[in-house]
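Text of work-v6.pdb (PDB, C-alpha atoms) as supplied:
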ATOM      1  CA  MET H   1       0.000   0.000   0.000
ATOM      2  CA  LEU H   2       2.768   2.451   0.782
ATOM      3  CA  GLY H   3       4.521   1.793  -2.506
ATOM      4  CA  LYS H   4       1.352   2.273  -4.506
ATOM      5  CA  THR H   5       0.548   5.440  -2.578
ATOM      6  CA  GLY H   6       4.015   6.877  -3.239
ATOM      7  CA  ILE H   7       3.761   6.066  -6.934
ATOM      8  CA  HIS H   8       0.332   7.648  -7.132
ATOM      9  CA  LEU H   9       1.547  10.807  -5.408
ATOM     10  CA  THR H  10       4.537  11.031  -7.723
ATOM     11  CA  LEU H  11       2.394  10.578 -10.835
ATOM     12  CA  SER H  12      -0.167  13.113  -9.673
ATOM     13  CA  PHE H  13       2.549  15.654  -8.847
ATOM     14  CA  SER H  14       4.189  15.159 -12.244
ATOM     15  CA  PHE H  15       0.825  15.601 -13.995
ATOM     16  CA  VAL H  16       0.175  18.804 -12.065
ATOM     17  CA  VAL H  17       3.593  20.202 -12.971
ATOM     18  CA  GLN H  18       3.152  19.293 -16.642
ATOM     19  CA  GLY H  19      -0.298  20.855 -16.711
ATOM     20  CA  ALA H  20       0.981  24.078 -15.149
ATOM     21  CA  GLY H  21       3.851  24.231 -17.623
ATOM     22  CA  CYS H  22       1.587  23.645 -20.614
ATOM     23  CA  THR H  23      -0.849  26.293 -19.364
ATOM     24  CA  ALA H  24       1.923  28.867 -18.932
ATOM     25  CA  LEU H  25       3.279  28.074 -22.395
ATOM     26  CA  VAL H  26      -0.148  28.454 -24.004
ATOM     27  CA  VAL H  27      -0.751  31.749 -22.190
ATOM     28  CA  ALA H  28       2.636  33.103 -23.321
ATOM     29  CA  VAL H  29       2.022  32.117 -26.953
ATOM     30  CA  VAL H  30      -1.482  33.575 -26.981
ATOM     31  CA  ALA H  31      -0.301  36.805 -25.344
ATOM     32  CA  ARG H  32       2.451  37.188 -27.934
ATOM     33  CA  LYS H  33      -0.014  36.547 -30.762
ATOM     34  CA  LEU H  34      -2.497  39.059 -29.337
ATOM     35  CA  GLU H  35       0.129  41.737 -28.734
ATOM     36  CA  LEU H  36      -0.191  44.619 -31.163
ATOM     37  CA  THR H  37       2.652  45.991 -33.197
ATOM     38  CA  LYS H  38       3.678  49.638 -33.037
ATOM     39  CA  ALA H  39       1.728  50.616 -36.167
ATOM     40  CA  GLU H  40      -1.359  48.750 -34.931
ATOM     41  CA  LYS H  41      -1.097  50.539 -31.587
ATOM     42  CA  HIS H  42      -0.988  53.925 -33.325
ATOM     43  CA  VAL H  43      -4.048  53.039 -35.422
ATOM     44  CA  HIS H  44      -5.865  51.751 -32.338
ATOM     45  CA  ASN H  45      -5.064  54.924 -30.399
ATOM     46  CA  PHE H  46      -6.257  57.078 -33.312
ATOM     47  CA  MET H  47      -9.573  55.222 -33.550
ATOM     48  CA  MET H  48     -10.083  55.341 -29.787
ATOM     49  CA  ASP H  49      -9.322  59.063 -29.761
ATOM     50  CA  THR H  50     -11.934  59.630 -32.469
ATOM     51  CA  GLN H  51     -14.547  57.660 -30.536
ATOM     52  CA  LEU H  52     -13.754  59.425 -27.283
ATOM     53  CA  THR H  53     -13.989  62.808 -28.987
ATOM     54  CA  LYS H  54     -17.472  61.915 -30.220
ATOM     55  CA  ARG H  55     -18.455  60.763 -26.741
ATOM     56  CA  VAL H  56     -17.151  64.005 -25.230
ATOM     57  CA  LYS H  57     -19.210  66.009 -27.681
ATOM     58  CA  ASN H  58     -22.329  63.952 -26.927
ATOM     59  CA  ALA H  59     -21.806  64.284 -23.167
ATOM     60  CA  ALA H  60     -21.301  68.047 -23.481
ATOM     61  CA  ALA H  61     -24.448  68.266 -25.588
ATOM     62  CA  ASN H  62     -26.381  66.316 -22.939
ATOM     63  CA  VAL H  63     -25.127  68.692 -20.259
ATOM     64  CA  LEU H  64     -26.271  71.703 -22.271
ATOM     65  CA  ARG H  65     -29.638  70.089 -23.035
ATOM     66  CA  GLU H  66     -30.339  69.242 -19.412
ATOM     67  CA  THR H  67     -29.265  72.732 -18.364
ATOM     68  CA  TRP H  68     -31.699  74.229 -20.853
ATOM     69  CA  LEU H  69     -34.521  71.946 -19.726
ATOM     70  CA  ILE H  70     -33.909  72.799 -16.079
ATOM     71  CA  TYR H  71     -34.011  76.498 -16.948
ATOM     72  CA  LYS H  72     -37.151  75.982 -19.018
ATOM     73  CA  HIS H  73     -39.054  74.110 -16.311
ATOM     74  CA  THR H  74     -38.004  76.554 -13.588
ATOM     75  CA  LYS H  75     -38.042  79.982 -15.277
ATOM     76  CA  LEU H  76     -40.211  79.781 -18.386
ATOM     77  CA  VAL H  77     -43.321  78.160 -16.940
ATOM     78  CA  LYS H  78     -46.028  79.619 -14.772
ATOM     79  CA  LYS H  79     -46.287  76.550 -12.526
ATOM     80  CA  ILE H  80     -43.141  74.652 -11.671
ATOM     81  CA  ASP H  81     -43.318  70.886 -11.958
ATOM     82  CA  HIS H  82     -40.865  69.757  -9.316
ATOM     83  CA  ALA H  83     -40.858  66.125 -10.503
ATOM     84  CA  LYS H  84     -39.667  67.136 -13.989
ATOM     85  CA  VAL H  85     -37.130  69.503 -12.478
ATOM     86  CA  ARG H  86     -35.682  66.775 -10.271
ATOM     87  CA  LYS H  87     -35.629  64.333 -13.229
ATOM     88  CA  HIS H  88     -33.691  66.762 -15.382
ATOM     89  CA  GLN H  89     -31.387  67.580 -12.501
ATOM     90  CA  ARG H  90     -30.556  63.867 -12.146
ATOM     91  CA  LYS H  91     -29.960  63.643 -15.890
ATOM     92  CA  PHE H  92     -27.822  66.770 -15.654
ATOM     93  CA  LEU H  93     -25.658  65.208 -12.929
ATOM     94  CA  GLN H  94     -25.408  61.971 -14.904
ATOM     95  CA  ALA H  95     -24.313  63.901 -18.008
ATOM     96  CA  ILE H  96     -21.650  65.746 -15.995
ATOM     97  CA  HIS H  97     -20.390  62.460 -14.531
ATOM     98  CA  GLN H  98     -20.332  60.896 -17.996
ATOM     99  CA  LEU H  99     -18.445  63.894 -19.382
ATOM    100  CA  ARG H 100     -15.832  63.659 -16.637
ATOM    101  CA  SER H 101     -15.335  59.921 -17.112
ATOM    102  CA  VAL H 102     -14.969  60.300 -20.888
ATOM    103  CA  LYS H 103     -12.434  63.099 -20.437
ATOM    104  CA  MET H 104     -10.506  60.931 -17.995
ATOM    105  CA  GLU H 105     -10.396  58.114 -20.550
ATOM    106  CA  GLN H 106      -9.255  60.587 -23.174
ATOM    107  CA  ARG H 107      -6.453  61.785 -20.909
ATOM    108  CA  LYS H 108      -5.321  58.214 -20.280
ATOM    109  CA  LEU H 109      -5.321  57.541 -24.006
ATOM    110  CA  ASN H 110      -3.280  60.693 -24.631
ATOM    111  CA  ASP H 111      -0.828  59.611 -21.937
ATOM    112  CA  GLN H 112      -0.470  56.220 -23.609
ATOM    113  CA  ALA H 113       0.072  57.881 -26.990
ATOM    114  CA  ASN H 114       2.693  60.173 -25.505
ATOM    115  CA  THR H 115       4.319  57.162 -23.904
ATOM    116  CA  LEU H 116       4.474  55.431 -27.281
ATOM    117  CA  VAL H 117       5.986  58.542 -28.857
ATOM    118  CA  ASP H 118       8.505  58.850 -26.024
ATOM    119  CA  LEU H 119       9.386  55.179 -26.371
ATOM    120  CA  ALA H 120       9.890  55.623 -30.115
ATOM    121  CA  LYS H 121      12.116  58.651 -29.534
ATOM    122  CA  THR H 122      14.037  56.825 -26.835
ATOM    123  CA  GLN H 123      14.475  53.850 -29.144
ATOM    124  CA  ASN H 124      15.798  56.104 -31.910
ATOM    125  CA  VAL H 125      18.174  57.821 -29.505
ATOM    126  CA  MET H 126      19.406  54.483 -28.176
ATOM    127  CA  TYR H 127      19.877  53.185 -31.731
ATOM    128  CA  ASP H 128      21.926  56.276 -32.620
ATOM    129  CA  MET H 129      24.017  55.879 -29.481
ATOM    130  CA  VAL H 130      24.614  52.192 -30.140
ATOM    131  CA  SER H 131      25.610  52.856 -33.757
ATOM    132  CA  GLU H 132      27.958  55.621 -32.616
ATOM    133  CA  LEU H 133      29.502  53.328 -30.025
ATOM    134  CA  GLN H 134      29.948  50.634 -32.663
ATOM    135  CA  ASP H 135      31.688  53.110 -34.980
ATOM    136  CA  ARG H 136      33.967  54.238 -32.168
ATOM    137  CA  ASN H 137      34.688  50.637 -31.260
ATOM    138  CA  GLU H 138      35.621  49.829 -34.851
ATOM    139  CA  ASP H 139      37.862  52.901 -35.020
ATOM    140  CA  LEU H 140      39.488  51.926 -31.729
ATOM    141  CA  GLU H 141      40.070  48.388 -32.952
ATOM    142  CA  LYS H 142      41.695  49.730 -36.113
ATOM    143  CA  ARG H 143      43.978  51.975 -34.072
ATOM    144  CA  ILE H 144      44.868  49.141 -31.737
ATOM    145  CA  SER H 145      45.697  46.843 -34.660
ATOM    146  CA  ALA H 146      47.862  49.555 -36.237
ATOM    147  CA  LEU H 147      49.624  50.108 -32.905
ATOM    148  CA  GLU H 148      50.218  46.377 -32.509
ATOM    149  CA  SER H 149      51.719  46.176 -36.005
ATOM    150  CA  LYS H 150      54.015  49.113 -35.221
ATOM    151  CA  ILE H 151      55.053  47.498 -31.939
ATOM    152  CA  ASP H 152      55.826  44.259 -33.768
ATOM    153  CA  MET H 153      57.934  46.118 -36.322
ATOM    154  CA  LEU H 154      59.754  47.944 -33.523
ATOM    155  CA  GLY H 155      60.431  44.657 -31.753
ATOM    156  CA  LEU H 156      61.842  43.130 -34.936
ATOM    157  CA  THR H 157      64.009  46.200 -35.459
ATOM    158  CA  LEU H 158      65.313  46.059 -31.882
ATOM    159  CA  HIS H 159      65.962  42.354 -32.255
ATOM    160  CA  ALA H 160      68.001  42.960 -35.409
ATOM    161  CA  LEU H 161      69.832  46.005 -33.978
ATOM    162  CA  PRO H 162      72.798  44.158 -32.367
ATOM    163  CA  SER H 163      73.599  42.319 -35.582
ATOM    164  CA  LEU H 164      73.383  45.569 -37.558
ATOM    165  CA  VAL H 165      75.661  47.338 -35.065
ATOM    166  CA  SER H 166      78.215  44.534 -35.157
ATOM    167  CA  GLN H 167      78.076  44.479 -38.955
ATOM    168  CA  ALA H 168      78.617  48.245 -39.098
ATOM    169  CA  ILE H 169      81.605  47.976 -36.716
ATOM    170  CA  ARG H 170      83.133  45.219 -38.829
ATOM    171  CA  GLN H 171      82.708  47.290 -41.958
ATOM    172  CA  GLN H 172      84.415  50.266 -40.291
ATOM    173  CA  GLN H 173      87.283  48.059 -39.129
ATOM    174  CA  ARG H 174      87.718  46.656 -42.630
ATOM    175  CA  ALA H 175      87.643  50.140 -44.086
ATOM    176  CA  LEU H 176      90.302  51.281 -41.598
ATOM    177  CA  THR H 177      92.527  48.320 -42.361
ATOM    178  CA  ARG H 178      92.185  48.910 -46.093
ATOM    179  CA  ALA H 179      92.936  52.585 -45.657
ATOM    180  CA  CYS H 180      96.014  51.783 -43.601
ATOM    181  CA  GLY H 181      97.198  49.222 -46.170
ATOM    182  CA  ALA H 182      96.622  51.638 -49.054
ATOM    183  CA  SER H 183      98.565  54.502 -47.330
ATOM    184  CA  ASN H 184     102.237  55.131 -48.144
ATOM    185  CA  SER H 185     104.560  52.832 -46.126
ATOM    186  CA  SER H 186     107.484  55.278 -46.477
ATOM    187  CA  GLU H 187     105.612  57.971 -44.581
ATOM    188  CA  CYS H 188     104.884  55.553 -41.795
ATOM    189  CA  SER H 189     108.565  54.486 -41.600
ATOM    190  CA  SER H 190     109.838  58.100 -41.766
ATOM    191  CA  TRP H 191     107.517  59.129 -39.029
ATOM    192  CA  THR H 192     108.597  56.384 -36.644
ATOM    193  CA  PRO H 193     112.424  56.974 -36.923
ATOM    194  CA  THR H 194     112.073  60.699 -36.397
ATOM    195  CA  ARG H 195     110.852  59.990 -32.927
ATOM    196  CA  ARG H 196     113.799  57.588 -32.415
ATOM    197  CA  ARG H 197     116.340  60.114 -33.762
ATOM    198  CA  LYS H 198     115.229  62.855 -31.428
ATOM    199  CA  SER H 199     116.051  60.834 -28.337
ATOM    200  CA  PRO H 200     119.878  60.588 -28.958
ATOM    201  CA  SER H 201     120.094  64.245 -29.982
ATOM    202  CA  THR H 202     118.665  65.385 -26.759
ATOM    203  CA  ALA H 203     121.108  63.336 -24.677
ATOM    204  CA  PRO H 204     124.369  65.084 -25.813
ATOM    205  CA  HIS H 205     122.679  68.428 -25.533
ATOM    206  CA  THR H 206     121.915  67.856 -21.932
ATOM    207  CA  SER H 207     125.458  66.597 -21.304
ATOM    208  CA  SER H 208     126.977  69.792 -22.768
ATOM    209  CA  ASP H 209     124.796  71.881 -20.593
ATOM    210  CA  SER H 210     125.889  70.003 -17.538
ATOM    211  CA  GLY H 211     129.558  70.450 -18.389
TER
END
Would you mind giving the structure from this file in structure tokens?
Amino acid sequence: MLGKTGIHLTLSFSFVVQGAGCTALVVAVVARKLELTKAEKHVHNFMMDTQLTKRVKNAAANVLRETWLIYKHTKLVKKIDHAKVRKHQRKFLQAIHQLRSVKMEQRKLNDQANTLVDLAKTQNVMYDMVSELQDRNEDLEKRISALESKIDMLGLTLHALPSLVSQAIRQQQRALTRACGASNSSECSSWTPTRRRKSPSTAPHTSSDSG
């Protein structure tokens, strides 16, 4: 009995969960299907505004009519019929209440229309901002890629700098050796003995001075 009861409870709970999920899914699909687009909302608001304007005019006309009837039955008759006066007063109050309610609905509709317009403007502004941010992001990515390429070139140049310096030093050394080999050997030999000849000449001179 306990096993069967546990199985029954599990099955019933699973059925309840599945039913709730299916109901929520159906409600979401139906709500999405019934949701109006932006153009349909504008058309709906326009039609509702037209109908409310007609209702406002009718309510205002009823107010004026009941006002005239009250004035007629109180001022333009010899004997006042209080029952008719009270009836038209009730109709007058009902017309005023109807006029106020219709104006309130019209205000709500205007607020909704303004909200739609504000949402459209906000959407346009957000779209412009997003497009501008995308352009700036693309420009920044281009600059970063250019900077990375320059850094890579600089790194390659720095990596090749020691070899270039050593090559330039070797070339200068070779040029110096060639220049020294191409110079006149007699001038080099005459220059070196002159320094050797001056040393013995100075020695006797100093000896004569001492004597």
Computed interatomic separation between CA of Thr23 (chain H) and CA of Leu9 (chain H) (Å) = 21.0 Å
Could you state the separation of CA of Leu164 (chain H) and CA of Ser149 (chain H) in Å, given to one decimal place?
-> 21.7 Å
For each of H:His44, H:Ala59, H:Phe15, H:Leu154, take the minimum atom-to-atom distance to Gln98 (chain H), counting only C-alpha atoms, then give the residue where this is smallest.
-> H:Ala59
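Ranking H:His88, H:Ile70, H:Lys78, H:Arg100 by their shortest atom-to-atom distance to Lys57 (chain H), with all atoms listed in the file included, puts H:Arg100 first.
For the set H:His73, H:Arg90, H:Arg107, H:His82, the residue with the smallest atom-to-atom gap to Val56 (chain H) is H:Arg107, counting all atoms listed in the file.
Computed from the coordinates, the CA of Lys103 (chain H) to CA of Ala61 (chain H) distance equals 14.1 Å.
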Would you compute the box with edges along x, y and z of the file around region 46-63 of chain H, including every atom the file lists for it and 8 Å extra on each side, and give its centre and edge lengths in Å to one decimal, as AutoDock Vina command-line options?
--center_x -16.3 --center_y 62.0 --center_z -26.9 --size_x 36.1 --size_y 29.5 --size_z 29.3
Just the residues within 12 Å of region 120-133 of chain H, please, counting all atoms listed in the file, with nothing from its chain fewer than 6 positions along; format it as a short mmCIF file (atom, residue, chain, number, x, y, z; two decimals) with C-alpha atoms, keeping the file's coordinate frame.
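File out.cif, as written:
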data_model
loop_
_atom_site.label_atom_id
_atom_site.label_comp_id
_atom_site.auth_asym_id
_atom_site.auth_seq_id
_atom_site.Cartn_x
_atom_site.Cartn_y
_atom_site.Cartn_z
CA LYS H 38 3.68 49.64 -33.04
CA ALA H 39 1.73 50.62 -36.17
CA HIS H 42 -0.99 53.92 -33.33
CA ALA H 113 0.07 57.88 -26.99
CA ASN H 114 2.69 60.17 -25.50
CA ASP H 139 37.86 52.90 -35.02
CA LEU H 140 39.49 51.93 -31.73
#
Output the residue selection produced by the PyMOL selection byres ((chain H and resi 99) around 12) on the file above, formatted as a list of chain:residue names.
->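 Applied to this file, the PyMOL selection byres ((chain H and resi 99) around 12) returns H:Leu52, H:Thr53, H:Lys54, H:Arg55, H:Val56, H:Lys57, H:Asn58, H:Ala59, H:Ala60, H:Ala61, H:Asn62, H:Val63, H:Leu64, H:Phe92, H:Leu93, H:Gln94, H:Ala95, H:Ile96, H:His97, H:Gln98, H:Arg100, H:Ser101, H:Val102, H:Lys103, H:Met104, H:Glu105, H:Gln106.
The smallest atom-to-atom distance between Asn110 (chain H) and any of H:Thr50, H:Ser166, H:Thr67, H:Thr74, using all atoms listed in the file, is found for H:Thr50.
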Expected file content for region 39-61 of chain H, N, CA, C and O atoms, as a tab-separated table (two decimals), in the first residue's frame:
chain	number	residue	atom	x	y	z
H	39	ALA	N	2.66	49.98	-35.23
H	39	ALA	CA	1.73	50.62	-36.17
H	39	ALA	C	0.28	50.33	-35.77
H	39	ALA	O	-0.59	51.23	-35.82
H	40	GLU	N	0.00	49.08	-35.36
H	40	GLU	CA	-1.36	48.75	-34.93
H	40	GLU	C	-1.75	49.52	-33.68
H	40	GLU	O	-2.91	49.93	-33.53
H	41	LYS	N	-0.80	49.75	-32.78
H	41	LYS	CA	-1.10	50.54	-31.59
H	41	LYS	C	-1.43	51.98	-31.95
H	41	LYS	O	-2.34	52.59	-31.38
H	42	HIS	N	-0.69	52.55	-32.90
H	42	HIS	CA	-0.99	53.92	-33.32
H	42	HIS	C	-2.38	54.01	-33.95
H	42	HIS	O	-3.15	54.96	-33.67
H	43	VAL	N	-2.72	53.04	-34.80
H	43	VAL	CA	-4.05	53.04	-35.42
H	43	VAL	C	-5.13	52.87	-34.37
H	43	VAL	O	-6.17	53.56	-34.39
H	44	HIS	N	-4.89	51.97	-33.41
H	44	HIS	CA	-5.87	51.75	-32.34
H	44	HIS	C	-6.05	53.02	-31.50
H	44	HIS	O	-7.21	53.40	-31.17
H	45	ASN	N	-4.96	53.68	-31.17
H	45	ASN	CA	-5.06	54.92	-30.40
H	45	ASN	C	-5.80	56.01	-31.18
H	45	ASN	O	-6.58	56.78	-30.61
H	46	PHE	N	-5.57	56.08	-32.49
H	46	PHE	CA	-6.26	57.08	-33.31
H	46	PHE	C	-7.76	56.82	-33.34
H	46	PHE	O	-8.58	57.75	-33.18
H	47	MET	N	-8.15	55.55	-33.52
H	47	MET	CA	-9.57	55.22	-33.55
H	47	MET	C	-10.23	55.47	-32.19
H	47	MET	O	-11.35	56.01	-32.11
H	48	MET	N	-9.54	55.11	-31.12
H	48	MET	CA	-10.08	55.34	-29.79
H	48	MET	C	-10.20	56.83	-29.49
H	48	MET	O	-11.18	57.28	-28.86
H	49	ASP	N	-9.25	57.61	-29.95
H	49	ASP	CA	-9.32	59.06	-29.76
H	49	ASP	C	-10.52	59.65	-30.50
H	49	ASP	O	-11.22	60.53	-29.98
H	50	THR	N	-10.77	59.15	-31.71
H	50	THR	CA	-11.93	59.63	-32.47
H	50	THR	C	-13.23	59.29	-31.75
H	50	THR	O	-14.14	60.14	-31.61
H	51	GLN	N	-13.34	58.06	-31.25
H	51	GLN	CA	-14.55	57.66	-30.54
H	51	GLN	C	-14.73	58.45	-29.25
H	51	GLN	O	-15.86	58.89	-28.92
H	52	LEU	N	-13.65	58.66	-28.53
H	52	LEU	CA	-13.75	59.43	-27.28
H	52	LEU	C	-14.11	60.89	-27.55
H	52	LEU	O	-14.84	61.50	-26.76
H	53	THR	N	-13.62	61.43	-28.64
H	53	THR	CA	-13.99	62.81	-28.99
H	53	THR	C	-15.48	62.91	-29.27
H	53	THR	O	-16.16	63.87	-28.83
H	54	LYS	N	-16.03	61.93	-29.97
H	54	LYS	CA	-17.47	61.92	-30.22
H	54	LYS	C	-18.25	61.78	-28.92
H	54	LYS	O	-19.27	62.46	-28.70
H	55	ARG	N	-17.77	60.93	-28.02
H	55	ARG	CA	-18.46	60.76	-26.74
H	55	ARG	C	-18.40	62.03	-25.90
H	55	ARG	O	-19.36	62.38	-25.19
H	56	VAL	N	-17.26	62.74	-25.96
H	56	VAL	CA	-17.15	64.00	-25.23
H	56	VAL	C	-18.15	65.03	-25.76
H	56	VAL	O	-18.82	65.75	-25.01
H	57	LYS	N	-18.26	65.07	-27.08
H	57	LYS	CA	-19.21	66.01	-27.68
H	57	LYS	C	-20.65	65.66	-27.30
H	57	LYS	O	-21.45	66.55	-26.97
H	58	ASN	N	-20.98	64.36	-27.31
H	58	ASN	CA	-22.33	63.95	-26.93
H	58	ASN	C	-22.61	64.26	-25.46
H	58	ASN	O	-23.71	64.74	-25.10
H	59	ALA	N	-21.61	64.00	-24.59
H	59	ALA	CA	-21.81	64.28	-23.17
H	59	ALA	C	-21.96	65.78	-22.92
H	59	ALA	O	-22.81	66.21	-22.12
H	60	ALA	N	-21.17	66.60	-23.62
H	60	ALA	CA	-21.30	68.05	-23.48
H	60	ALA	C	-22.66	68.52	-23.99
H	60	ALA	O	-23.31	69.42	-23.38
H	61	ALA	N	-23.11	67.91	-25.08
H	61	ALA	CA	-24.45	68.27	-25.59
H	61	ALA	C	-25.53	67.88	-24.60
H	61	ALA	O	-26.52	68.64	-24.40
